[in-house]
Amino acid sequence: MKHSPMPPSLMTALLMAATFVATIANANEPAKAPYRGDPVKGKEIAATVCAACHNPDGNSTQAANPKLAGQHAEYLVKQMKEFKAAESKQPVRVNAVMNGMIAAYNEDQMRDLAAWFGAQTLLGEKARNRDTIEAGQKLYRAGNMAKGLPACAACHGPAGAGIPAQYPRIGGQFAEYIEAQLKAFRDESRANDPNKMMRMVAIKMTDAEIKAVSDYIAGLR
């Protein structure tokens with residue numbers, strides 16, 4: 001018995017119905033969780049690539065190189081992505097050493113590194129200048145309203161722990177590194193702060209204020 005060919009309009013309708021059903025099915029599938037990084041893989045990279053400057057566990061012993069141990073993973077990923085140049089463009093955050101070191105790594109590997117360093121225990125520094133500790137404490141906790149200078153604690157917390165994905169952990173960091181970054185924000189040689197938040201803060205600070213608050217931050221826990 002010979003079958004009549006299916007009318008084109010009916011075939012089109014059936015195909016559209018099948019596509020619709022497939023779309024609904026896909027929409028009902030749970031969203032795939034973003035890759036959060038594998039600290040075991042990150043440890044391998046850290047031991048061979050990052051250790052010279054930051055130590056294998058992220059507890060750098062050189063003030064020019066920040067401590068990464070215990071830092072929020074989201075913040076570390078942001079910084080690494082901004083150190084990496086995209087499509088031959090200048091990176092968002094310019095640093096001759098880091099721009100070269102991170103160039104070979106993709107985002108998943110950056111997340112691996114961030115997961116490793118974020119899981120390590122920070123060996124914090126200490127405040128060293130007793131003469132400026134009170135001034136540093138006042139700036140950190142209360143700012144200077146006369147100058148429109150906000151308190152550091154408003155974003156970084158009373159103990160410098162920061163807020164994941166928004167503000168970095170700064171408590172226990174090298175005073176020299178904090179000082180250098182504040183000055184870099186002030187002269188805009190570092191400009192990767194969202195909405196110019198840090199630049200607007202640092203531009204209102206004197207060298208003496210920057211040094212005092214940096215030393216105080218080093219002793220926070």
# chains A, B, ... in the order shown; residues from 1 in each chain; ligands from 1
>>> residues_around(residues="Gly136 of chain A", least_positions_apart="3", cutoff="12 Å", atoms="only C-alpha atoms", output="PyMOL selection string")
chain A and resi 127-133+139-144+151-153+175+205+208-220
>>> residues_around(residues="Ser189 of chain A", least_positions_apart="6", cutoff="9 Å", atoms="only C-alpha atoms", output="JSON, numbers by chain")
{"A": [93, 94, 183]}
>>> write_last_selection(atoms="C-alpha atoms", output="PDB file, in the first residue's frame")
ATOM      1  CA  ARG A  93      46.490  45.952  35.809  1.00  0.00           C
ATOM      2  CA  VAL A  94      50.023  46.583  34.626  1.00  0.00           C
ATOM      3  CA  LYS A 183      50.249  55.388  46.473  1.00  0.00           C
TER       4      LYS A 183
END
>>> residues_around(residues="segment 82-91 of chain A", least_positions_apart="2", cutoff="9 Å", atoms="only C-alpha atoms", output="list in words")
Val77, Lys78, Gln79, Met80, Arg93, Val94, Asn95, Met98, Asn99, Gly100, Met101, Ile102, Ala103, Ala104, Tyr105 and Asn192 of chain A
>>> residues_around(residues="Val49 of chain A", least_positions_apart="2", cutoff="12 Å", atoms="only C-alpha atoms", output="tab-separated table (two decimals) with N, CA and C atoms, in the first residue's frame")
chain	number	residue	atom	x	y	z
A	42	GLY	N	45.95	23.62	41.77
A	42	GLY	CA	46.54	24.92	42.07
A	42	GLY	C	47.84	24.79	42.83
A	43	LYS	N	47.91	23.83	43.73
A	43	LYS	CA	49.13	23.60	44.50
A	43	LYS	C	50.31	23.27	43.59
A	44	GLU	N	50.04	22.47	42.55
A	44	GLU	CA	51.10	22.08	41.61
A	44	GLU	C	51.66	23.30	40.87
A	45	ILE	N	50.75	24.19	40.44
A	45	ILE	CA	51.20	25.39	39.73
A	45	ILE	C	51.94	26.31	40.69
A	46	ALA	N	51.39	26.47	41.89
A	46	ALA	CA	52.01	27.37	42.88
A	46	ALA	C	53.43	26.93	43.22
A	47	ALA	N	53.62	25.62	43.35
A	47	ALA	CA	54.93	25.10	43.74
A	47	ALA	C	56.00	25.32	42.68
A	51	ALA	N	56.03	30.06	43.65
A	51	ALA	CA	56.78	29.92	44.91
A	51	ALA	C	57.92	30.91	45.05
A	52	ALA	N	58.60	31.23	43.97
A	52	ALA	CA	59.77	32.11	44.05
A	52	ALA	C	59.44	33.47	44.65
A	53	CYS	N	58.25	33.97	44.37
A	53	CYS	CA	57.87	35.30	44.86
A	53	CYS	C	56.90	35.25	46.05
A	54	HIS	N	55.99	34.27	46.03
A	54	HIS	CA	54.93	34.25	47.04
A	54	HIS	C	55.03	33.09	48.02
A	55	ASN	N	56.05	32.23	47.84
A	55	ASN	CA	56.18	30.99	48.62
A	55	ASN	C	55.08	30.01	48.20
A	56	PRO	N	55.33	28.70	48.34
A	56	PRO	CA	54.36	27.72	47.87
A	56	PRO	C	52.97	27.86	48.49
A	57	ASP	N	52.90	28.33	49.75
A	57	ASP	CA	51.61	28.45	50.42
A	57	ASP	C	51.05	29.87	50.40
A	58	GLY	N	51.71	30.75	49.67
A	58	GLY	CA	51.21	32.12	49.57
A	58	GLY	C	51.64	33.05	50.68
A	97	VAL	N	56.22	41.90	35.96
A	97	VAL	CA	56.43	40.51	36.36
A	97	VAL	C	55.15	39.70	36.21
A	98	MET	N	54.07	40.18	36.82
A	98	MET	CA	52.82	39.41	36.80
A	98	MET	C	52.21	39.31	35.41
A	100	GLY	N	53.72	38.90	32.67
A	100	GLY	CA	54.39	37.80	32.00
A	100	GLY	C	54.09	36.45	32.62
A	101	MET	N	54.02	36.39	33.95
A	101	MET	CA	53.82	35.12	34.64
A	101	MET	C	52.45	34.53	34.37
A	102	ILE	N	51.43	35.38	34.28
A	102	ILE	CA	50.06	34.86	34.16
A	102	ILE	C	49.65	34.63	32.71
A	104	ALA	N	50.39	32.62	30.38
A	104	ALA	CA	50.20	31.26	29.86
A	104	ALA	C	49.00	30.52	30.46
A	105	TYR	N	48.33	31.13	31.42
A	105	TYR	CA	47.29	30.39	32.16
A	105	TYR	C	45.88	30.84	31.78
A	113	LEU	N	44.54	28.06	41.12
A	113	LEU	CA	45.48	28.78	41.97
A	113	LEU	C	44.77	29.51	43.11
>>> select_by_dssp(residues="segment 27-124 of chain A", states="helix (DSSP H, G or I)", output="number ranges by chain")
A: 27, 39-54, 73-83, 96-102, 107-118
>>> write_last_selection(atoms="N, CA and C atoms", output="compact mmCIF listing (two decimals), in the first residue's frame")
# COMPACT_ATOMS: atom_id res chain seq x y z
N ALA A 27 15.49 23.99 29.50
CA ALA A 27 15.27 25.09 30.45
C ALA A 27 15.02 24.57 31.85
N PRO A 39 42.05 22.98 44.32
CA PRO A 39 43.25 23.38 45.05
C PRO A 39 44.44 22.44 44.84
N VAL A 40 44.17 21.17 44.53
CA VAL A 40 45.26 20.22 44.28
C VAL A 40 46.01 20.63 43.02
N LYS A 41 45.27 20.95 41.97
CA LYS A 41 45.90 21.43 40.73
C LYS A 41 46.60 22.77 40.97
N GLY A 42 45.95 23.62 41.77
CA GLY A 42 46.54 24.92 42.07
C GLY A 42 47.84 24.79 42.83
N LYS A 43 47.91 23.83 43.73
CA LYS A 43 49.13 23.60 44.50
C LYS A 43 50.31 23.27 43.59
N GLU A 44 50.04 22.47 42.55
CA GLU A 44 51.10 22.08 41.61
C GLU A 44 51.66 23.30 40.87
N ILE A 45 50.75 24.19 40.44
CA ILE A 45 51.20 25.39 39.73
C ILE A 45 51.94 26.31 40.69
N ALA A 46 51.39 26.47 41.89
CA ALA A 46 52.01 27.37 42.88
C ALA A 46 53.43 26.93 43.22
N ALA A 47 53.62 25.62 43.35
CA ALA A 47 54.93 25.10 43.74
C ALA A 47 56.00 25.32 42.68
N THR A 48 55.58 25.35 41.43
CA THR A 48 56.56 25.46 40.35
C THR A 48 56.67 26.86 39.77
N VAL A 49 55.60 27.66 39.87
CA VAL A 49 55.60 28.97 39.21
C VAL A 49 55.56 30.14 40.20
N CYS A 50 54.74 30.03 41.24
CA CYS A 50 54.50 31.16 42.13
C CYS A 50 55.42 31.20 43.35
N ALA A 51 56.03 30.06 43.65
CA ALA A 51 56.78 29.92 44.91
C ALA A 51 57.92 30.91 45.05
N ALA A 52 58.60 31.23 43.97
CA ALA A 52 59.77 32.11 44.05
C ALA A 52 59.44 33.47 44.65
N CYS A 53 58.25 33.97 44.37
CA CYS A 53 57.87 35.30 44.86
C CYS A 53 56.90 35.25 46.05
N HIS A 54 55.99 34.27 46.03
CA HIS A 54 54.93 34.25 47.04
C HIS A 54 55.03 33.09 48.02
N ALA A 73 39.20 33.88 47.18
CA ALA A 73 39.47 33.30 45.86
C ALA A 73 38.93 34.19 44.74
N GLU A 74 37.75 34.76 44.94
CA GLU A 74 37.14 35.59 43.90
C GLU A 74 38.01 36.80 43.59
N TYR A 75 38.60 37.37 44.64
CA TYR A 75 39.46 38.53 44.46
C TYR A 75 40.73 38.14 43.71
N LEU A 76 41.30 37.00 44.06
CA LEU A 76 42.51 36.54 43.38
C LEU A 76 42.26 36.29 41.91
N VAL A 77 41.13 35.69 41.59
CA VAL A 77 40.79 35.44 40.18
C VAL A 77 40.67 36.76 39.43
N LYS A 78 40.00 37.73 40.03
CA LYS A 78 39.85 39.04 39.39
C LYS A 78 41.21 39.65 39.08
N GLN A 79 42.11 39.61 40.06
CA GLN A 79 43.42 40.22 39.84
C GLN A 79 44.20 39.49 38.75
N MET A 80 44.17 38.17 38.76
CA MET A 80 44.90 37.41 37.74
C MET A 80 44.35 37.69 36.34
N LYS A 81 43.03 37.75 36.23
CA LYS A 81 42.43 38.03 34.92
C LYS A 81 42.82 39.43 34.44
N GLU A 82 42.95 40.36 35.37
CA GLU A 82 43.27 41.73 34.99
C GLU A 82 44.77 41.93 34.75
N PHE A 83 45.58 41.01 35.24
CA PHE A 83 47.01 41.03 34.90
C PHE A 83 47.25 40.49 33.49
N ALA A 96 55.04 44.39 35.27
CA ALA A 96 55.93 43.70 34.33
C ALA A 96 56.12 42.22 34.68
N VAL A 97 56.22 41.90 35.96
CA VAL A 97 56.43 40.51 36.36
C VAL A 97 55.15 39.70 36.21
N MET A 98 54.07 40.18 36.82
CA MET A 98 52.82 39.41 36.80
C MET A 98 52.21 39.31 35.41
N ASN A 99 52.34 40.33 34.61
CA ASN A 99 51.80 40.26 33.25
C ASN A 99 52.43 39.11 32.48
N GLY A 100 53.72 38.90 32.67
CA GLY A 100 54.39 37.80 32.00
C GLY A 100 54.09 36.45 32.62
N MET A 101 54.02 36.39 33.95
CA MET A 101 53.82 35.12 34.64
C MET A 101 52.45 34.53 34.37
N ILE A 102 51.43 35.38 34.28
CA ILE A 102 50.06 34.86 34.16
C ILE A 102 49.65 34.63 32.71
N GLU A 107 41.53 30.70 32.52
CA GLU A 107 40.74 31.05 33.70
C GLU A 107 40.57 29.88 34.65
N ASP A 108 40.41 28.67 34.13
CA ASP A 108 40.27 27.51 35.02
C ASP A 108 41.52 27.34 35.87
N GLN A 109 42.68 27.52 35.27
CA GLN A 109 43.93 27.40 36.03
C GLN A 109 44.07 28.52 37.05
N MET A 110 43.58 29.70 36.70
CA MET A 110 43.59 30.80 37.66
C MET A 110 42.70 30.44 38.86
N ARG A 111 41.58 29.82 38.57
CA ARG A 111 40.68 29.41 39.66
C ARG A 111 41.30 28.31 40.51
N ASP A 112 42.08 27.45 39.88
CA ASP A 112 42.81 26.43 40.65
C ASP A 112 43.78 27.09 41.62
N LEU A 113 44.54 28.06 41.12
CA LEU A 113 45.48 28.78 41.97
C LEU A 113 44.77 29.51 43.11
N ALA A 114 43.68 30.17 42.76
CA ALA A 114 42.92 30.93 43.76
C ALA A 114 42.37 30.01 44.84
N ALA A 115 41.89 28.83 44.43
CA ALA A 115 41.36 27.87 45.39
C ALA A 115 42.45 27.40 46.35
N TRP A 116 43.66 27.21 45.82
CA TRP A 116 44.77 26.76 46.67
C TRP A 116 45.19 27.85 47.65
N PHE A 117 45.49 29.04 47.14
CA PHE A 117 45.96 30.11 48.02
C PHE A 117 44.88 30.52 49.02
N GLY A 118 43.64 30.56 48.57
CA GLY A 118 42.56 30.96 49.46
C GLY A 118 42.35 30.01 50.62
>>> atom_distance(atom1="atom CA of Gly171 of chain A", atom2="atom CA of Lys147 of chain A")
24.1 Å
>>> atom_distance(atom1="atom CA of Ala161 of chain A", atom2="atom CA of Thr121 of chain A")
12.8 Å
>>> select_by_dssp(residues="segment 135-212 of chain A", states="strand (DSSP E or B)", output="list in words")
Asn144, Leu149, Ile163 and Tyr167 of chain A
>>> closest_residue(among="A:Pro164, A:Gln71, A:Val92, A:Glu176", to="Arg190 of chain A", atoms="only C-alpha atoms")
A:Val92
>>> atom_distance(atom1="atom CA of Asn106 of chain A", atom2="atom CA of Tyr167 of chain A")
23.3 Å
